[in-house]
file upload_20.cif (mmCIF, C-alpha atoms and all ligand atoms)
data_structure
loop_
_atom_site.label_atom_id
_atom_site.label_comp_id
_atom_site.auth_asym_id
_atom_site.auth_seq_id
_atom_site.Cartn_x
_atom_site.Cartn_y
_atom_site.Cartn_z
CA MET Y 1 -69.00 76.44 199.63
CA THR Y 2 -69.26 78.61 196.51
CA GLY Y 3 -65.74 77.66 195.38
CA ALA Y 4 -66.25 75.16 192.56
CA PRO Y 5 -67.18 76.85 189.27
CA ARG Y 6 -70.44 75.75 187.65
CA THR Y 7 -69.16 73.57 184.86
CA LEU Y 8 -70.75 72.11 181.73
CA VAL Y 9 -69.04 69.34 179.79
CA ILE Y 10 -70.08 69.16 176.12
CA VAL Y 11 -69.77 65.64 174.72
CA PRO Y 12 -70.41 65.11 170.98
CA THR Y 13 -71.63 61.63 170.13
CA TYR Y 14 -71.97 59.55 167.02
CA ASN Y 15 -72.61 55.85 167.67
CA GLU Y 16 -71.31 55.77 171.24
CA ARG Y 17 -74.00 53.59 172.78
CA GLU Y 18 -71.55 51.31 174.57
CA ASN Y 19 -69.52 54.16 176.02
CA LEU Y 20 -72.12 56.74 177.04
CA PRO Y 21 -73.37 55.19 180.32
CA GLY Y 22 -69.79 55.05 181.67
CA VAL Y 23 -69.09 58.63 180.62
CA VAL Y 24 -72.25 59.87 182.32
CA GLU Y 25 -71.67 57.93 185.52
CA GLN Y 26 -68.04 59.03 185.83
CA LEU Y 27 -68.80 62.69 185.12
CA MET Y 28 -71.69 62.89 187.55
CA VAL Y 29 -69.47 62.10 190.54
CA HIS Y 30 -68.30 65.71 190.30
CA GLY Y 31 -71.03 67.69 192.05
CA ASN Y 32 -70.46 70.97 190.18
CA VAL Y 33 -70.46 69.32 186.74
CA SER Y 34 -73.35 69.09 184.27
CA LEU Y 35 -73.32 67.37 180.91
CA LEU Y 36 -74.59 68.25 177.46
CA VAL Y 37 -74.64 65.42 174.91
CA VAL Y 38 -74.78 66.62 171.30
CA ASP Y 39 -75.91 63.65 169.27
CA ASP Y 40 -75.86 63.62 165.50
CA GLY Y 41 -78.77 61.26 164.93
CA SER Y 42 -76.62 58.21 165.73
CA PRO Y 43 -78.04 55.17 163.93
CA ASP Y 44 -77.15 52.98 166.94
CA GLY Y 45 -79.65 54.79 169.17
CA THR Y 46 -77.16 56.80 171.26
CA GLY Y 47 -79.60 59.74 171.19
CA ALA Y 48 -82.48 57.77 172.72
CA LEU Y 49 -80.16 56.30 175.33
CA ALA Y 50 -78.92 59.80 176.18
CA ASP Y 51 -82.53 60.96 176.65
CA GLU Y 52 -83.16 58.07 179.01
CA LEU Y 53 -80.02 58.81 181.04
CA ALA Y 54 -80.93 62.52 181.12
CA ARG Y 55 -84.45 61.81 182.41
CA ALA Y 56 -82.89 60.15 185.44
CA ARG Y 57 -80.66 63.21 186.04
CA PRO Y 58 -82.90 66.26 185.75
CA GLY Y 59 -80.97 69.53 185.64
CA ARG Y 60 -77.61 67.74 185.44
CA MET Y 61 -77.76 66.16 182.02
CA HIS Y 62 -79.09 67.64 178.78
CA VAL Y 63 -79.30 66.34 175.23
CA LEU Y 64 -79.24 68.18 171.92
CA HIS Y 65 -80.40 66.17 168.92
CA ARG Y 66 -79.03 67.35 165.62
CA SER Y 67 -80.42 66.56 162.23
CA GLY Y 68 -79.07 67.31 158.79
CA ARG Y 69 -75.41 67.09 157.92
CA ARG Y 70 -73.34 65.64 160.69
CA GLY Y 71 -69.93 66.77 161.87
CA LEU Y 72 -67.90 67.36 164.99
CA GLY Y 73 -67.48 71.08 164.26
CA ARG Y 74 -71.18 71.63 163.60
CA SER Y 75 -72.04 69.72 166.77
CA TYR Y 76 -69.69 71.80 168.89
CA ILE Y 77 -71.04 75.04 167.46
CA ASP Y 78 -74.60 74.04 168.38
CA GLY Y 79 -73.44 72.83 171.80
CA ILE Y 80 -71.46 75.99 172.55
CA ARG Y 81 -74.38 78.22 171.54
CA TRP Y 82 -76.62 76.27 173.89
CA ALA Y 83 -74.04 76.44 176.70
CA LEU Y 84 -73.60 80.19 176.42
CA GLU Y 85 -77.32 80.71 176.98
CA GLN Y 86 -76.96 79.01 180.38
CA PRO Y 87 -75.21 80.33 183.49
CA TYR Y 88 -72.08 78.12 183.41
CA ASP Y 89 -68.71 79.54 184.49
CA ARG Y 90 -66.63 76.90 182.73
CA ILE Y 91 -67.40 74.94 179.59
CA CYS Y 92 -65.43 71.80 178.77
CA GLN Y 93 -65.11 69.64 175.68
CA MET Y 94 -64.65 65.90 175.97
CA ASP Y 95 -64.93 62.82 173.71
CA ALA Y 96 -67.56 60.20 174.46
CA ASP Y 97 -65.31 57.18 173.95
CA LEU Y 98 -63.66 57.25 177.41
CA SER Y 99 -60.29 58.06 175.86
CA HIS Y 100 -60.52 61.17 178.03
CA ASP Y 101 -60.78 60.32 181.72
CA PRO Y 102 -63.73 62.16 183.30
CA ALA Y 103 -61.73 62.12 186.56
CA ARG Y 104 -59.42 64.75 185.02
CA VAL Y 105 -62.18 67.33 184.55
CA PRO Y 106 -61.52 68.98 187.94
CA ALA Y 107 -57.81 69.31 187.06
CA LEU Y 108 -58.71 71.07 183.83
CA VAL Y 109 -61.22 73.32 185.55
CA GLY Y 110 -58.66 74.08 188.28
CA ALA Y 111 -56.07 75.09 185.70
CA THR Y 112 -58.40 77.79 184.36
CA ALA Y 113 -58.00 79.68 187.64
CA ASN Y 114 -55.00 81.33 186.00
CA ALA Y 115 -55.75 80.79 182.32
CA ASP Y 116 -58.53 81.23 179.78
CA ILE Y 117 -58.22 77.73 178.37
CA ALA Y 118 -56.79 74.50 179.81
CA ILE Y 119 -55.95 71.72 177.39
CA GLY Y 120 -55.77 68.08 178.43
CA SER Y 121 -52.48 67.34 176.74
CA ARG Y 122 -50.86 64.08 175.68
CA TYR Y 123 -47.66 65.82 174.67
CA VAL Y 124 -46.37 67.63 177.76
CA ASP Y 125 -44.35 66.13 180.61
CA GLY Y 126 -46.54 63.64 182.42
CA GLY Y 127 -48.90 63.18 179.46
CA ALA Y 128 -49.23 59.80 177.72
CA VAL Y 129 -51.05 57.79 175.08
CA VAL Y 130 -52.08 54.21 175.83
CA ASN Y 131 -53.05 51.49 173.36
CA TRP Y 132 -52.42 53.37 170.15
CA PRO Y 133 -50.65 51.47 167.39
CA LEU Y 134 -47.47 53.06 166.05
CA ARG Y 135 -49.24 54.25 162.89
CA ARG Y 136 -51.81 56.17 164.92
CA ARG Y 137 -49.13 57.66 167.21
CA LEU Y 138 -47.16 58.86 164.24
CA LEU Y 139 -50.21 60.36 162.59
CA SER Y 140 -51.09 62.34 165.70
CA ARG Y 141 -47.50 63.51 166.24
CA PHE Y 142 -47.24 64.51 162.61
CA ALA Y 143 -50.59 66.35 162.73
CA ASN Y 144 -49.41 68.36 165.73
CA ALA Y 145 -46.04 69.24 164.21
CA TYR Y 146 -47.81 70.20 160.98
CA VAL Y 147 -50.30 72.47 162.71
CA ARG Y 148 -47.66 74.06 164.96
CA THR Y 149 -45.30 74.76 162.08
CA ILE Y 150 -47.89 76.35 159.83
CA THR Y 151 -49.92 78.26 162.39
CA ARG Y 152 -47.05 79.04 164.84
CA LEU Y 153 -49.29 77.91 167.68
CA THR Y 154 -47.05 77.04 170.64
CA VAL Y 155 -49.43 74.52 172.21
CA HIS Y 156 -48.00 70.97 172.21
CA ASP Y 157 -51.33 69.20 171.75
CA CYS Y 158 -53.25 71.34 169.26
CA THR Y 159 -55.58 68.53 168.22
CA ALA Y 160 -56.64 67.53 171.73
CA GLY Y 161 -60.39 67.22 172.20
CA PHE Y 162 -60.28 67.52 176.00
CA ARG Y 163 -60.40 71.15 177.06
CA CYS Y 164 -61.85 73.57 179.56
CA TRP Y 165 -62.75 77.16 178.67
CA ARG Y 166 -63.57 80.10 180.85
CA ARG Y 167 -66.98 81.24 179.75
CA ASP Y 168 -65.83 84.66 178.51
CA ALA Y 169 -63.02 83.14 176.42
CA LEU Y 170 -65.48 80.85 174.66
CA ALA Y 171 -67.99 83.66 174.19
CA ALA Y 172 -65.29 85.74 172.47
CA LEU Y 173 -64.87 83.21 169.64
CA PRO Y 174 -66.35 84.20 166.26
CA LEU Y 175 -68.37 80.98 165.91
CA ASP Y 176 -70.20 82.17 162.82
CA ARG Y 177 -66.90 82.49 160.96
CA PHE Y 178 -65.70 78.98 161.70
CA ARG Y 179 -65.67 76.74 158.63
CA SER Y 180 -64.34 73.37 159.84
CA GLU Y 181 -66.86 70.56 159.80
CA GLY Y 182 -64.71 67.79 161.27
CA TYR Y 183 -61.91 67.46 163.83
CA SER Y 184 -60.02 70.46 162.48
CA PHE Y 185 -62.66 72.53 164.24
CA LEU Y 186 -60.56 71.92 167.36
CA VAL Y 187 -57.54 73.56 165.71
CA GLU Y 188 -59.67 76.41 164.39
CA MET Y 189 -61.00 77.17 167.88
CA LEU Y 190 -57.53 77.17 169.38
CA TYR Y 191 -56.11 79.34 166.66
CA ALA Y 192 -58.88 81.88 167.10
CA ALA Y 193 -58.36 81.92 170.86
CA ALA Y 194 -54.59 82.40 170.52
CA SER Y 195 -55.15 85.18 167.99
CA LEU Y 196 -57.38 86.90 170.52
CA GLY Y 197 -54.54 86.74 173.07
CA LYS Y 198 -56.22 84.19 175.32
CA ARG Y 199 -53.97 82.47 177.89
CA ILE Y 200 -53.65 78.77 177.15
CA VAL Y 201 -52.17 76.18 179.55
CA GLU Y 202 -51.67 72.45 179.10
CA VAL Y 203 -52.47 69.89 181.77
CA PRO Y 204 -50.98 66.39 181.32
CA ILE Y 205 -53.47 63.61 180.66
CA THR Y 206 -53.25 59.94 179.81
CA PHE Y 207 -55.20 59.32 176.64
CA VAL Y 208 -56.51 55.74 176.41
CA GLU Y 209 -57.68 54.46 173.04
CA ARG Y 210 -61.34 53.51 172.94
CA ARG Y 211 -62.25 49.94 173.88
CA GLU Y 212 -65.81 50.08 172.53
CA GLY Y 213 -67.27 51.46 169.33
CA VAL Y 214 -65.41 52.55 166.21
CA SER Y 215 -63.46 55.60 165.11
CA LYS Y 216 -65.18 58.18 162.90
CA MET Y 217 -61.96 59.35 161.34
CA SER Y 218 -62.51 59.47 157.56
CA THR Y 219 -60.47 60.50 154.54
CA MET Y 220 -62.56 63.65 154.16
CA VAL Y 221 -61.92 64.59 157.79
CA MET Y 222 -58.17 64.09 157.30
CA LEU Y 223 -58.14 66.11 154.09
CA GLU Y 224 -59.94 68.96 155.79
CA SER Y 225 -57.41 68.79 158.63
CA ALA Y 226 -54.54 69.11 156.15
CA VAL Y 227 -56.04 72.20 154.52
CA THR Y 228 -57.28 74.00 157.65
CA PRO Y 229 -53.95 75.40 158.96
CA TRP Y 230 -53.28 77.00 155.58
CA ARG Y 231 -56.77 78.46 155.47
CA LEU Y 232 -56.33 79.87 158.96
CA ILE Y 233 -53.09 81.66 158.22
CA ALA Y 234 -54.48 82.96 154.90
CA ARG Y 235 -57.32 84.54 156.85
CA ARG Y 236 -54.88 86.04 159.33
CA GLY Y 237 -53.78 88.39 156.54
CA GLN Y 238 -57.36 89.66 156.40
CA GLY Y 239 -57.36 90.34 160.14
CA SER Y 240 -60.26 87.99 160.51
CA PHE Y 241 -59.79 86.94 164.12
CA HIS Y 242 -57.77 89.96 165.21
CA ALA Y 243 -60.66 92.21 164.30
CA MET Y 244 -62.49 90.77 167.28
CA VAL Y 245 -59.90 91.90 169.85
N1 LIG B 1 -71.97 64.79 167.15
C1 LIG B 1 -70.97 64.20 166.49
N2 LIG B 1 -69.98 63.59 167.17
C2 LIG B 1 -68.98 63.01 166.49
C3 LIG B 1 -68.91 63.02 165.07
N3 LIG B 1 -67.76 62.36 164.70
C4 LIG B 1 -67.18 61.97 165.84
N4 LIG B 1 -67.90 62.36 166.91
C5 LIG B 1 -67.59 62.18 168.33
O1 LIG B 1 -66.37 62.87 168.57
C6 LIG B 1 -65.58 62.17 169.51
C7 LIG B 1 -64.23 61.80 168.87
O2 LIG B 1 -64.46 60.91 167.80
P1 LIG B 1 -63.63 59.55 167.61
O3 LIG B 1 -64.29 58.71 166.59
O4 LIG B 1 -63.37 58.94 168.95
O5 LIG B 1 -62.33 60.09 166.98
P2 LIG B 1 -60.91 59.73 167.35
O6 LIG B 1 -60.74 59.93 168.83
O7 LIG B 1 -60.04 60.49 166.43
O8 LIG B 1 -60.86 58.18 166.95
P3 LIG B 1 -60.72 56.86 167.87
O9 LIG B 1 -59.48 56.23 167.42
O10 LIG B 1 -61.91 56.02 167.57
O11 LIG B 1 -60.76 57.26 169.29
C8 LIG B 1 -66.41 60.96 169.93
O12 LIG B 1 -67.15 61.31 171.08
C9 LIG B 1 -67.34 60.76 168.75
O13 LIG B 1 -68.54 60.09 169.09
C10 LIG B 1 -69.95 63.67 164.37
O14 LIG B 1 -69.98 63.73 163.15
N5 LIG B 1 -70.95 64.25 165.12
MG MG B 2 -61.58 58.75 170.17
#
call {"tool": "encode", "arguments": {"input": "upload_20.cif", "output": "structure tokens"}}
result
Amino acid sequence: MTGAPRTLVIVPTYNERENLPGVVEQLMVHGNVSLLVVDDGSPDGTGALADELARARPGRMHVLHRSGRRGLGRSYIDGIRWALEQPYDRICQMDADLSHDPARVPALVGATANADIAIGSRYVDGGAVVNWPLRRRLLSRFANAYVRTITRLTVHDCTAGFRCWRRDALAALPLDRFRSEGYSFLVEMLYAAASLGKRIVEVPITFVERREGVSKMSTMVMLESAVTPWRLIARRGQGSFHAMV
């Protein structure tokens, strides 16, 4: 059957040694899915472990090793550039900490049959967050309300890191103009896509807080996230993303 789109899942990693084997195993059960790990020189040896796992899965698993300044945004840009040189129909984004269930990848891919982007959303009917303390729940809710209010994005989970893109929608993004280094890269991507008129749908997911490893959320990352929506709308005046339509 030629039905299932050729899909690549990009997974950025920084110190995810304990989580990576589970992510790989659970993704590989989907026959049409390949994996690209983008490791930022993790001191815990995640990169070497990824190489080892990839050697056992030739053609299905790939590893990009970054050096220099680390960051989620930079990692995604490198990963997306790599992905667009390969013949994948769908390109997904997913965290390495198993807070995103690899079993939901087919649902996201399926939702792109009638959309350019499918977001794995905690904040639509049927979506949920498990094991987050109240403080973390409130921060995420606040971040979403903040982004939606400033940018006028209508997506309920703008900061979600679990997404599937149709290849052409991802290729349309002006990657060289993106400035976010940390998590706000996710908002910047979405904003650019919405500005380009891409169709965005949300698929409910249950987000489960990581059991292994530690969060990489830092004060700098949060500060950047607070500034990014304002920077995005300031650029709108200059027609920055619209010029690409
Ligand atoms: N390549 C790369 N990956 C990163 C970097 N920072 C975080 N990541 C990865 O991005 C994903 C999300 O990071 P997390 O630390 O889980 O962030 P979070 O989900 O906000 O925090 P948690 O509460 O720990 O789940 C994980 O797969 C991380 O390993 C980075 O600087 N470079
Ligand atoms: Mg996480």
call {"tool": "closest_residue", "arguments": {"input": "upload_20.cif", "among": "Y:Ser140, Y:Thr219, Y:Ser121, Y:Thr46", "to": "Leu20 in chain Y", "atoms": "only C-alpha atoms"}}
result
Y:Thr46
call {"tool": "atom_distance", "arguments": {"input": "upload_20.cif", "atom1": "atom C4 of ligand LIG 1 (chain B)", "atom2": "CA of Gly197 in chain Y"}}
result
28.7 Å
call {"tool": "atom_distance", "arguments": {"input": "upload_20.cif", "atom1": "CA of Ser180 in chain Y", "atom2": "CA of Arg69 in chain Y"}}
result
12.9 Å
call {"tool": "closest_residue", "arguments": {"input": "upload_20.cif", "among": "Y:Cys92, Y:Ile10, Y:Ala145, Y:Leu84", "to": "Leu36 in chain Y", "atoms": "only C-alpha atoms"}}
result
Y:Ile10
call {"tool": "residues_near_point", "arguments": {"input": "upload_20.cif", "point": "(-56.8, 76.2, 169.8)", "cutoff": "12 Å", "atoms": "all atoms listed in the file", "output": "MDAnalysis selection string"}}
result
chainID Y and resid 116:120 144 147:148 151:165 169:170 173 183:202 229 232
call {"tool": "closest_residue", "arguments": {"input": "upload_20.cif", "among": "Y:Trp82, Y:Tyr14, Y:Phe142, Y:Tyr76", "to": "ligand MG 2 (chain B)", "atoms": "all atoms listed in the file"}}
result
Y:Tyr14
call {"tool": "residues_near_ligand", "arguments": {"input": "upload_20.cif", "ligand": "ligand MG 2 (chain B)", "cutoff": "8 Å", "atoms": "all atoms listed in the file", "output": "PyMOL selection string"}}
result
chain Y and resi 95-99+209-210+215
call {"tool": "axis_aligned_box", "arguments": {"input": "upload_20.cif", "around": "ligand LIG 1 (chain B)", "padding_each_side": "5 Å", "output": "AutoDock Vina command-line options"}}
result
--center_x -65.7 --center_y 60.4 --center_z 167.1 --size_x 22.5 --size_y 18.8 --size_z 17.9
call {"tool": "atom_distance", "arguments": {"input": "upload_20.cif", "atom1": "CA of Asp39 in chain Y", "atom2": "CA of Phe178 in chain Y"}}
result
19.9 Å
call {"tool": "residues_around", "arguments": {"input": "upload_20.cif", "residues": "Arg166 in chain Y", "least_positions_apart": "6", "cutoff": "10 Å", "atoms": "only C-alpha atoms", "output": "list in words"}}
result
Pro5, Thr7, Tyr88, Asp89, Arg90, Ile91, Cys92, Val109, Thr112, Ala113, Ala115, Asp116, Ile117 and Ala118 of chain Y
call {"tool": "residues_around", "arguments": {"input": "upload_20.cif", "residues": "Asp101 in chain Y", "least_positions_apart": "2", "cutoff": "9 Å", "atoms": "only C-alpha atoms", "output": "VMD selection string"}}
result
chain Y and resid 23 26 94 98 to 99 103 to 105 205 to 208
call {"tool": "write_last_selection", "arguments": {"input": "upload_20.cif", "atoms": "C-alpha atoms", "output": "CSV table (one decimal), keeping the file's coordinate frame"}}
result
chain,number,residue,atom,x,y,z
Y,23,VAL,CA,-69.1,58.6,180.6
Y,26,GLN,CA,-68.0,59.0,185.8
Y,94,MET,CA,-64.6,65.9,176.0
Y,98,LEU,CA,-63.7,57.2,177.4
Y,99,SER,CA,-60.3,58.1,175.9
Y,103,ALA,CA,-61.7,62.1,186.6
Y,104,ARG,CA,-59.4,64.8,185.0
Y,105,VAL,CA,-62.2,67.3,184.6
Y,205,ILE,CA,-53.5,63.6,180.7
Y,206,THR,CA,-53.2,59.9,179.8
Y,207,PHE,CA,-55.2,59.3,176.6
Y,208,VAL,CA,-56.5,55.7,176.4
call {"tool": "closest_residue", "arguments": {"input": "upload_20.cif", "among": "Y:Val129, Y:Ala226, Y:Val38, Y:Val124", "to": "ligand LIG 1 (chain B)", "atoms": "all atoms listed in the file"}}
result
Y:Val38
call {"tool": "closest_residue", "arguments": {"input": "upload_20.cif", "among": "Y:Trp230, Y:Ala56, Y:Gly3, Y:Pro106", "to": "Thr149 in chain Y", "atoms": "all atoms listed in the file"}}
result
Y:Trp230
call {"tool": "closest_residue", "arguments": {"input": "upload_20.cif", "among": "Y:His30, Y:Arg81, Y:Arg66, Y:Arg74", "to": "Gly47 in chain Y", "atoms": "only C-alpha atoms"}}
result
Y:Arg66
call {"tool": "decode", "arguments": {"input": "upload_20.cif", "residues": "range 97-132 of chain Y", "atoms": "N, CA and C atoms", "output": "PDB file, in the first residue's frame"}}
result
ATOM      1  N   ASP Y  97      11.569  13.492  25.832  1.00  0.00           N
ATOM      2  CA  ASP Y  97      11.429  13.097  27.242  1.00  0.00           C
ATOM      3  C   ASP Y  97      10.202  12.228  27.505  1.00  0.00           C
ATOM      4  N   LEU Y  98       9.586  11.729  26.425  1.00  0.00           N
ATOM      5  CA  LEU Y  98       8.400  10.867  26.491  1.00  0.00           C
ATOM      6  C   LEU Y  98       7.177  11.584  27.070  1.00  0.00           C
ATOM      7  N   SER Y  99       7.230  12.919  27.123  1.00  0.00           N
ATOM      8  CA  SER Y  99       6.017  13.646  27.504  1.00  0.00           C
ATOM      9  C   SER Y  99       5.042  13.659  26.316  1.00  0.00           C
ATOM     10  N   HIS Y 100       5.575  13.454  25.135  1.00  0.00           N
ATOM     11  CA  HIS Y 100       4.747  13.267  23.942  1.00  0.00           C
ATOM     12  C   HIS Y 100       4.744  11.789  23.606  1.00  0.00           C
ATOM     13  N   ASP Y 101       3.567  11.219  23.482  1.00  0.00           N
ATOM     14  CA  ASP Y 101       3.440   9.776  23.261  1.00  0.00           C
ATOM     15  C   ASP Y 101       3.685   9.442  21.785  1.00  0.00           C
ATOM     16  N   PRO Y 102       4.753   8.698  21.488  1.00  0.00           N
ATOM     17  CA  PRO Y 102       5.022   8.353  20.085  1.00  0.00           C
ATOM     18  C   PRO Y 102       3.839   7.656  19.410  1.00  0.00           C
ATOM     19  N   ALA Y 103       2.957   7.036  20.204  1.00  0.00           N
ATOM     20  CA  ALA Y 103       1.788   6.357  19.626  1.00  0.00           C
ATOM     21  C   ALA Y 103       0.825   7.341  18.965  1.00  0.00           C
ATOM     22  N   ARG Y 104       0.959   8.629  19.273  1.00  0.00           N
ATOM     23  CA  ARG Y 104       0.055   9.632  18.688  1.00  0.00           C
ATOM     24  C   ARG Y 104       0.558  10.181  17.346  1.00  0.00           C
ATOM     25  N   VAL Y 105       1.756   9.782  16.949  1.00  0.00           N
ATOM     26  CA  VAL Y 105       2.287  10.293  15.675  1.00  0.00           C
ATOM     27  C   VAL Y 105       1.337  10.003  14.505  1.00  0.00           C
ATOM     28  N   PRO Y 106       0.815   8.778  14.374  1.00  0.00           N
ATOM     29  CA  PRO Y 106      -0.097   8.535  13.245  1.00  0.00           C
ATOM     30  C   PRO Y 106      -1.336   9.433  13.273  1.00  0.00           C
ATOM     31  N   ALA Y 107      -1.834   9.766  14.466  1.00  0.00           N
ATOM     32  CA  ALA Y 107      -3.003  10.657  14.545  1.00  0.00           C
ATOM     33  C   ALA Y 107      -2.644  12.048  14.020  1.00  0.00           C
ATOM     34  N   LEU Y 108      -1.453  12.515  14.367  1.00  0.00           N
ATOM     35  CA  LEU Y 108      -1.020  13.823  13.869  1.00  0.00           C
ATOM     36  C   LEU Y 108      -0.835  13.792  12.356  1.00  0.00           C
ATOM     37  N   VAL Y 109      -0.177  12.745  11.894  1.00  0.00           N
ATOM     38  CA  VAL Y 109       0.050  12.627  10.444  1.00  0.00           C
ATOM     39  C   VAL Y 109      -1.299  12.548   9.728  1.00  0.00           C
ATOM     40  N   GLY Y 110      -2.220  11.767  10.277  1.00  0.00           N
ATOM     41  CA  GLY Y 110      -3.552  11.623   9.671  1.00  0.00           C
ATOM     42  C   GLY Y 110      -4.277  12.959   9.571  1.00  0.00           C
ATOM     43  N   ALA Y 111      -4.110  13.794  10.593  1.00  0.00           N
ATOM     44  CA  ALA Y 111      -4.811  15.086  10.608  1.00  0.00           C
ATOM     45  C   ALA Y 111      -4.286  16.043   9.543  1.00  0.00           C
ATOM     46  N   THR Y 112      -3.102  15.779   9.016  1.00  0.00           N
ATOM     47  CA  THR Y 112      -2.582  16.658   7.958  1.00  0.00           C
ATOM     48  C   THR Y 112      -3.141  16.285   6.581  1.00  0.00           C
ATOM     49  N   ALA Y 113      -4.057  15.307   6.544  1.00  0.00           N
ATOM     50  CA  ALA Y 113      -4.713  15.013   5.266  1.00  0.00           C
ATOM     51  C   ALA Y 113      -5.509  16.235   4.810  1.00  0.00           C
ATOM     52  N   ASN Y 114      -6.049  16.961   5.783  1.00  0.00           N
ATOM     53  CA  ASN Y 114      -6.865  18.140   5.454  1.00  0.00           C
ATOM     54  C   ASN Y 114      -6.313  19.416   6.081  1.00  0.00           C
ATOM     55  N   ALA Y 115      -5.038  19.434   6.377  1.00  0.00           N
ATOM     56  CA  ALA Y 115      -4.450  20.632   6.987  1.00  0.00           C
ATOM     57  C   ALA Y 115      -2.967  20.669   6.657  1.00  0.00           C
ATOM     58  N   ASP Y 116      -2.369  21.843   6.831  1.00  0.00           N
ATOM     59  CA  ASP Y 116      -0.929  21.971   6.581  1.00  0.00           C
ATOM     60  C   ASP Y 116      -0.123  21.577   7.812  1.00  0.00           C
ATOM     61  N   ILE Y 117      -0.719  21.846   8.978  1.00  0.00           N
ATOM     62  CA  ILE Y 117      -0.014  21.570  10.229  1.00  0.00           C
ATOM     63  C   ILE Y 117      -1.007  20.967  11.217  1.00  0.00           C
ATOM     64  N   ALA Y 118      -0.601  19.909  11.905  1.00  0.00           N
ATOM     65  CA  ALA Y 118      -1.417  19.363  12.998  1.00  0.00           C
ATOM     66  C   ALA Y 118      -0.621  19.521  14.284  1.00  0.00           C
ATOM     67  N   ILE Y 119      -1.273  20.084  15.289  1.00  0.00           N
ATOM     68  CA  ILE Y 119      -0.616  20.300  16.573  1.00  0.00           C
ATOM     69  C   ILE Y 119      -1.156  19.307  17.586  1.00  0.00           C
ATOM     70  N   GLY Y 120      -0.271  18.653  18.304  1.00  0.00           N
ATOM     71  CA  GLY Y 120      -0.681  17.797  19.419  1.00  0.00           C
ATOM     72  C   GLY Y 120      -0.981  18.701  20.597  1.00  0.00           C
ATOM     73  N   SER Y 121      -2.271  18.870  20.891  1.00  0.00           N
ATOM     74  CA  SER Y 121      -2.691  19.943  21.790  1.00  0.00           C
ATOM     75  C   SER Y 121      -3.170  19.440  23.150  1.00  0.00           C
ATOM     76  N   ARG Y 122      -2.669  20.120  24.181  1.00  0.00           N
ATOM     77  CA  ARG Y 122      -3.119  19.819  25.555  1.00  0.00           C
ATOM     78  C   ARG Y 122      -4.409  20.546  25.863  1.00  0.00           C
ATOM     79  N   TYR Y 123      -4.697  21.596  25.101  1.00  0.00           N
ATOM     80  CA  TYR Y 123      -5.733  22.536  25.506  1.00  0.00           C
ATOM     81  C   TYR Y 123      -6.945  22.584  24.583  1.00  0.00           C
ATOM     82  N   VAL Y 124      -7.267  21.448  23.943  1.00  0.00           N
ATOM     83  CA  VAL Y 124      -8.550  21.311  23.254  1.00  0.00           C
ATOM     84  C   VAL Y 124      -9.298  20.172  23.932  1.00  0.00           C
ATOM     85  N   ASP Y 125     -10.588  20.035  23.626  1.00  0.00           N
ATOM     86  CA  ASP Y 125     -11.389  18.959  24.218  1.00  0.00           C
ATOM     87  C   ASP Y 125     -10.696  17.625  24.018  1.00  0.00           C
ATOM     88  N   GLY Y 126     -10.545  16.875  25.088  1.00  0.00           N
ATOM     89  CA  GLY Y 126      -9.897  15.568  24.986  1.00  0.00           C
ATOM     90  C   GLY Y 126      -8.410  15.628  25.292  1.00  0.00           C
ATOM     91  N   GLY Y 127      -7.838  16.816  25.318  1.00  0.00           N
ATOM     92  CA  GLY Y 127      -6.413  16.974  25.645  1.00  0.00           C
ATOM     93  C   GLY Y 127      -6.232  17.012  27.158  1.00  0.00           C
ATOM     94  N   ALA Y 128      -5.029  16.702  27.636  1.00  0.00           N
ATOM     95  CA  ALA Y 128      -4.800  16.684  29.086  1.00  0.00           C
ATOM     96  C   ALA Y 128      -3.316  16.837  29.402  1.00  0.00           C
ATOM     97  N   VAL Y 129      -3.066  17.215  30.651  1.00  0.00           N
ATOM     98  CA  VAL Y 129      -1.696  17.276  31.169  1.00  0.00           C
ATOM     99  C   VAL Y 129      -1.653  16.413  32.427  1.00  0.00           C
ATOM    100  N   VAL Y 130      -0.677  15.526  32.505  1.00  0.00           N
ATOM    101  CA  VAL Y 130      -0.574  14.629  33.651  1.00  0.00           C
ATOM    102  C   VAL Y 130       0.747  14.880  34.378  1.00  0.00           C
ATOM    103  N   ASN Y 131       0.649  14.937  35.697  1.00  0.00           N
ATOM    104  CA  ASN Y 131       1.829  15.038  36.578  1.00  0.00           C
ATOM    105  C   ASN Y 131       2.521  16.390  36.597  1.00  0.00           C
ATOM    106  N   TRP Y 132       1.832  17.430  36.182  1.00  0.00           N
ATOM    107  CA  TRP Y 132       2.435  18.748  36.313  1.00  0.00           C
ATOM    108  C   TRP Y 132       1.966  19.389  37.609  1.00  0.00           C
TER     109      TRP Y 132
END
